[in-house]
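Structure first, then comments.
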Amino acid sequence: MIVFKTYSQDELRFVKMDKSIDRQLLLEARDIMNILKIKVRSTLRFDGQIELSIKKGSHYLDASFNNNFGNDFLAEYDVNRVYKAPFLIITELCLNISNKTKDTTVFYYTRARETIVHELTHYLQASFDMTKVDPKSNLKGYISEPTEFEAFSVGAYYFLQHTNKNELTRIMGLNIGLTDKCKILINTFYKLIYPRIDYIFKV
Ligand SMILES: [Zn+2]
């Protein structure tokens, strides 16, 4: 369950969102992970409650998942790891669109919530690695890293589920392996949000 607290800092502030909706997002992320056979950590029950913080004044739809591992531990893969004080940072724009407190469309609403679903996947996933690739210089390499591939797959599935269910059904019904389906999901998602990008993966 996501909880919220007030936290006084200029840049970062914990604010209140509708709890039930966000629990729903967490459950949706988990359900999609199950469909895509992405392993969920079995140690979730030992975690502290996940909190949400807001980056004020940002005009980007952006989010990140944060834990309190020191840098020395970041490269360590451990499916039994526990997060005692996990938190998501999302931009104010992402929050406002996600809460519909700003003019929006189904497309941007779903995009904002997909951003959160992507980060919730990082929170839930058993796999763990430290991203070494810079997405600005090597987007495909970045998305190909195991943890990002999982999170992008879940995000793409979520986005299509809420914007183009027929296309999602078509992709999931293809007679190909799950990894290739995930690649097509990611390609389709990227094409929708960045029409100039033809594809990320060749399938
Ligand atoms: Zn990610």
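Residues are named by chain letter and number: chains run A, B, ... in the order of the structure tokens, numbers start at 1 in each chain, and ligands are numbered from 1 in the order shown.
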Output the neighbourhood of ligand 1 as a ChimeraX atom specification, that is, all protein and nucleic acid residues with some atom at most 7 Å from the ligand, counting only C-alpha atoms and all ligand atoms. /A:118-119,122,148,151-152
Which residues, written as a tab-separated table (two decimals) with N, CA and C atoms, in the first residue's frame, have at least one atom at most 12 Å from stretch 57-68 of chain A, with only C-alpha atoms counted and residues fewer than 3 positions away on the same chain left out?
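Contents of around_17.tsv, freshly written:
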```tsv
chain	number	residue	atom	x	y	z
A	10	ASP	N	12.17	22.21	-0.27
A	10	ASP	CA	11.77	23.06	-1.39
A	10	ASP	C	11.50	22.25	-2.65
A	11	GLU	N	12.46	21.43	-3.02
A	11	GLU	CA	12.38	20.69	-4.27
A	11	GLU	C	11.40	19.53	-4.19
A	12	LEU	N	11.42	18.86	-3.07
A	12	LEU	CA	10.74	17.59	-2.93
A	12	LEU	C	9.69	17.68	-1.83
A	13	ARG	N	8.53	17.24	-2.12
A	13	ARG	CA	7.49	17.35	-1.12
A	13	ARG	C	6.56	16.15	-1.24
A	47	ASP	N	9.00	-5.20	3.47
A	47	ASP	CA	9.33	-3.82	3.08
A	47	ASP	C	8.65	-2.80	3.99
A	48	GLY	N	9.22	-1.61	4.03
A	48	GLY	CA	8.50	-0.49	4.61
A	48	GLY	C	7.45	-0.05	3.61
A	49	GLN	N	6.57	0.84	4.02
A	49	GLN	CA	5.53	1.29	3.09
A	49	GLN	C	6.12	2.24	2.06
A	50	ILE	N	5.68	2.03	0.84
A	50	ILE	CA	6.22	2.86	-0.24
A	50	ILE	C	5.55	4.23	-0.22
A	51	GLU	N	6.38	5.24	-0.33
A	51	GLU	CA	5.86	6.61	-0.28
A	51	GLU	C	6.08	7.31	-1.61
A	52	LEU	N	5.32	8.35	-1.78
A	52	LEU	CA	5.37	9.09	-3.02
A	52	LEU	C	5.84	10.50	-2.73
A	53	SER	N	6.80	10.96	-3.51
A	53	SER	CA	7.22	12.35	-3.36
A	53	SER	C	7.09	13.05	-4.70
A	54	ILE	N	6.90	14.34	-4.62
A	54	ILE	CA	6.61	15.12	-5.82
A	54	ILE	C	7.73	16.09	-6.10
A	71	ASN	N	25.78	3.07	-2.67
A	71	ASN	CA	26.35	2.78	-3.99
A	71	ASN	C	27.10	1.46	-4.05
A	72	ASP	N	27.73	1.09	-2.93
A	72	ASP	CA	28.51	-0.15	-2.91
A	72	ASP	C	27.65	-1.37	-3.18
A	73	PHE	N	26.36	-1.25	-2.90
A	73	PHE	CA	25.49	-2.42	-3.00
A	73	PHE	C	24.67	-2.43	-4.28
A	74	LEU	N	24.74	-1.36	-5.03
A	74	LEU	CA	23.83	-1.23	-6.16
A	74	LEU	C	24.00	-2.32	-7.21
A	81	ARG	N	16.20	-9.17	-1.37
A	81	ARG	CA	16.43	-7.84	-0.78
A	81	ARG	C	15.12	-7.24	-0.26
A	82	VAL	N	15.27	-6.35	0.70
A	82	VAL	CA	14.13	-5.70	1.35
A	82	VAL	C	14.34	-4.20	1.27
A	83	TYR	N	13.26	-3.48	0.99
A	83	TYR	CA	13.33	-2.02	0.97
A	83	TYR	C	12.63	-1.48	2.23
A	84	LYS	N	13.39	-0.89	3.12
A	84	LYS	CA	12.80	-0.41	4.37
A	84	LYS	C	12.12	0.94	4.22
A	85	ALA	N	12.59	1.75	3.30
A	85	ALA	CA	11.95	3.07	3.11
A	85	ALA	C	11.93	3.43	1.63
A	86	PRO	N	11.22	2.62	0.84
A	86	PRO	CA	11.20	2.88	-0.60
A	86	PRO	C	10.32	4.07	-0.93
A	87	PHE	N	10.69	4.78	-1.97
A	87	PHE	CA	9.80	5.87	-2.40
A	87	PHE	C	9.91	6.14	-3.89
A	88	LEU	N	8.79	6.62	-4.43
A	88	LEU	CA	8.76	7.05	-5.82
A	88	LEU	C	8.83	8.57	-5.84
A	89	ILE	N	9.59	9.09	-6.79
A	89	ILE	CA	9.53	10.53	-7.04
A	89	ILE	C	8.81	10.69	-8.37
A	90	ILE	N	7.76	11.48	-8.40
A	90	ILE	CA	7.15	11.79	-9.69
A	90	ILE	C	7.07	13.30	-9.84
A	91	THR	N	7.05	13.75	-11.07
A	91	THR	CA	7.01	15.20	-11.29
A	91	THR	C	5.60	15.72	-10.99
A	92	GLU	N	5.55	16.99	-10.70
A	92	GLU	CA	4.27	17.63	-10.40
A	92	GLU	C	3.30	17.48	-11.59
A	93	LEU	N	3.85	17.59	-12.82
A	93	LEU	CA	3.00	17.44	-14.00
A	93	LEU	C	2.39	16.03	-14.05
A	94	CYS	N	3.23	15.05	-13.75
A	94	CYS	CA	2.77	13.65	-13.74
A	94	CYS	C	1.66	13.47	-12.71
A	95	LEU	N	1.86	14.05	-11.55
A	95	LEU	CA	0.84	13.98	-10.48
A	95	LEU	C	-0.45	14.65	-10.92
A	96	ASN	N	-0.34	15.86	-11.47
A	96	ASN	CA	-1.54	16.62	-11.82
A	96	ASN	C	-2.34	15.94	-12.93
A	97	ILE	N	-1.64	15.38	-13.88
A	97	ILE	CA	-2.36	14.68	-14.96
A	97	ILE	C	-2.95	13.38	-14.42
A	98	SER	N	-2.17	12.69	-13.62
A	98	SER	CA	-2.63	11.42	-13.04
A	98	SER	C	-3.86	11.63	-12.16
A	108	TYR	N	-2.64	11.31	-22.52
A	108	TYR	CA	-1.68	11.82	-21.54
A	108	TYR	C	-1.95	11.31	-20.14
A	109	TYR	N	-3.22	11.10	-19.85
A	109	TYR	CA	-3.57	10.51	-18.55
A	109	TYR	C	-2.93	9.13	-18.43
A	110	THR	N	-3.09	8.32	-19.47
A	110	THR	CA	-2.54	6.96	-19.45
A	110	THR	C	-1.01	7.00	-19.45
A	111	ARG	N	-0.47	7.96	-20.18
A	111	ARG	CA	0.99	8.11	-20.24
A	111	ARG	C	1.55	8.45	-18.85
A	112	ALA	N	0.87	9.34	-18.14
A	112	ALA	CA	1.31	9.72	-16.79
A	112	ALA	C	1.25	8.51	-15.86
A	113	ARG	N	0.18	7.77	-15.96
A	113	ARG	CA	0.03	6.62	-15.08
A	113	ARG	C	0.96	5.47	-15.48
A	114	GLU	N	1.24	5.37	-16.75
A	114	GLU	CA	2.22	4.38	-17.22
A	114	GLU	C	3.59	4.68	-16.62
A	115	THR	N	3.90	5.96	-16.52
A	115	THR	CA	5.18	6.36	-15.93
A	115	THR	C	5.29	5.85	-14.49
A	116	ILE	N	4.17	5.92	-13.77
A	116	ILE	CA	4.15	5.43	-12.39
A	116	ILE	C	4.21	3.90	-12.36
A	117	VAL	N	3.46	3.26	-13.27
A	117	VAL	CA	3.45	1.78	-13.35
A	117	VAL	C	4.86	1.26	-13.64
A	118	HIS	N	5.58	1.94	-14.52
A	118	HIS	CA	6.97	1.56	-14.84
A	118	HIS	C	7.81	1.53	-13.54
A	119	GLU	N	7.68	2.59	-12.75
A	119	GLU	CA	8.50	2.68	-11.54
A	119	GLU	C	8.04	1.69	-10.47
A	120	LEU	N	6.73	1.42	-10.41
A	120	LEU	CA	6.23	0.42	-9.47
A	120	LEU	C	6.76	-0.96	-9.83
A	121	THR	N	6.99	-1.19	-11.12
A	121	THR	CA	7.58	-2.46	-11.55
A	121	THR	C	8.99	-2.58	-10.98
A	122	HIS	N	9.74	-1.48	-11.00
A	122	HIS	CA	11.09	-1.52	-10.40
A	122	HIS	C	11.01	-1.86	-8.91
A	123	TYR	N	9.99	-1.34	-8.27
A	123	TYR	CA	9.80	-1.63	-6.84
A	123	TYR	C	9.47	-3.11	-6.62
A	124	LEU	N	8.63	-3.67	-7.50
A	124	LEU	CA	8.14	-5.03	-7.31
A	124	LEU	C	9.08	-6.11	-7.82
A	125	GLN	N	9.89	-5.81	-8.82
A	125	GLN	CA	10.62	-6.85	-9.55
A	125	GLN	C	11.71	-7.51	-8.71
A	128	PHE	N	17.44	-7.34	-10.49
A	128	PHE	CA	18.07	-6.13	-9.96
A	128	PHE	C	19.42	-5.95	-10.61
A	148	GLU	N	15.28	-2.84	-16.90
A	148	GLU	CA	14.55	-1.86	-17.71
A	148	GLU	C	13.64	-2.57	-18.73
A	151	ALA	N	10.52	-3.42	-16.92
A	151	ALA	CA	9.69	-2.25	-16.59
A	151	ALA	C	9.08	-1.63	-17.84
A	193	ILE	N	4.13	7.07	-28.61
A	193	ILE	CA	4.49	8.28	-27.87
A	193	ILE	C	5.56	9.11	-28.57
```
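Of the residues in stretch 42-200 of chain A, those that DSSP places in strand (DSSP E) on the basis of the backbone are Ile50, Glu51, Leu52, Ser53, Ile54, Lys55, Ala63, Ser64, Phe65, Asn66, Phe87, Leu88, Ile89, Ile90 and Thr91 of chain A.
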Using only C-alpha atoms, can you tell me which of A:Lys181, A:Lys136, A:Lys202, A:Arg196 comes closest to A:Thr169?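 Checking each of A:Lys181, A:Lys136, A:Lys202, A:Arg196 against A:Thr169, counting only C-alpha atoms, the winner is A:Lys181.
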Contacts of A:Asn80 at 12 Å or less, counting only C-alpha atoms, minus same-chain residues fewer than 5 places along, as number ranges by chain? A: 39-47, 124-128
Writer output for current selection, N, CA and C atoms, as a PDB file, in the first residue's frame:
```pdb
ATOM      1  N   LYS A  39       9.206 -12.022 -12.595  1.00  0.00           N
ATOM      2  CA  LYS A  39       9.193 -12.444 -11.199  1.00  0.00           C
ATOM      3  C   LYS A  39       9.050 -11.245 -10.239  1.00  0.00           C
ATOM      4  N   VAL A  40       8.097 -11.384  -9.308  1.00  0.00           N
ATOM      5  CA  VAL A  40       7.886 -10.371  -8.262  1.00  0.00           C
ATOM      6  C   VAL A  40       8.685 -10.800  -7.033  1.00  0.00           C
ATOM      7  N   ARG A  41       9.298  -9.847  -6.332  1.00  0.00           N
ATOM      8  CA  ARG A  41      10.037 -10.181  -5.107  1.00  0.00           C
ATOM      9  C   ARG A  41       9.125 -10.877  -4.104  1.00  0.00           C
ATOM     10  N   SER A  42       9.643 -11.908  -3.465  1.00  0.00           N
ATOM     11  CA  SER A  42       8.815 -12.619  -2.482  1.00  0.00           C
ATOM     12  C   SER A  42       8.933 -11.953  -1.115  1.00  0.00           C
ATOM     13  N   THR A  43       9.774 -10.937  -1.013  1.00  0.00           N
ATOM     14  CA  THR A  43      10.050 -10.316   0.285  1.00  0.00           C
ATOM     15  C   THR A  43       9.270  -9.012   0.490  1.00  0.00           C
ATOM     16  N   LEU A  44       8.277  -8.775  -0.369  1.00  0.00           N
ATOM     17  CA  LEU A  44       7.525  -7.514  -0.297  1.00  0.00           C
ATOM     18  C   LEU A  44       6.969  -7.244   1.106  1.00  0.00           C
ATOM     19  N   ARG A  45       6.541  -8.316   1.777  1.00  0.00           N
ATOM     20  CA  ARG A  45       5.890  -8.135   3.079  1.00  0.00           C
ATOM     21  C   ARG A  45       6.853  -7.606   4.142  1.00  0.00           C
ATOM     22  N   PHE A  46       8.150  -7.686   3.885  1.00  0.00           N
ATOM     23  CA  PHE A  46       9.123  -7.177   4.857  1.00  0.00           C
ATOM     24  C   PHE A  46       9.497  -5.713   4.580  1.00  0.00           C
ATOM     25  N   ASP A  47       9.003  -5.197   3.473  1.00  0.00           N
ATOM     26  CA  ASP A  47       9.327  -3.821   3.082  1.00  0.00           C
ATOM     27  C   ASP A  47       8.647  -2.799   3.995  1.00  0.00           C
ATOM     28  N   LEU A 124       8.635  -3.673  -7.503  1.00  0.00           N
ATOM     29  CA  LEU A 124       8.135  -5.034  -7.307  1.00  0.00           C
ATOM     30  C   LEU A 124       9.078  -6.114  -7.820  1.00  0.00           C
ATOM     31  N   GLN A 125       9.890  -5.806  -8.822  1.00  0.00           N
ATOM     32  CA  GLN A 125      10.616  -6.848  -9.554  1.00  0.00           C
ATOM     33  C   GLN A 125      11.710  -7.512  -8.707  1.00  0.00           C
ATOM     34  N   ALA A 126      11.886  -8.819  -8.968  1.00  0.00           N
ATOM     35  CA  ALA A 126      12.937  -9.576  -8.288  1.00  0.00           C
ATOM     36  C   ALA A 126      14.296  -9.273  -8.897  1.00  0.00           C
ATOM     37  N   SER A 127      14.334  -9.086 -10.213  1.00  0.00           N
ATOM     38  CA  SER A 127      15.623  -8.833 -10.860  1.00  0.00           C
ATOM     39  C   SER A 127      16.151  -7.463 -10.451  1.00  0.00           C
ATOM     40  N   PHE A 128      17.437  -7.339 -10.495  1.00  0.00           N
ATOM     41  CA  PHE A 128      18.070  -6.135  -9.963  1.00  0.00           C
ATOM     42  C   PHE A 128      19.421  -5.947 -10.611  1.00  0.00           C
TER      43      PHE A 128
END
```
Counting only C-alpha atoms, which of A:Phe201, A:Phe149, A:Tyr142, A:Tyr158 gets nearest to A:Leu25?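 Of A:Phe201, A:Phe149, A:Tyr142, A:Tyr158, the one nearest A:Leu25, counting only C-alpha atoms, is A:Tyr158.
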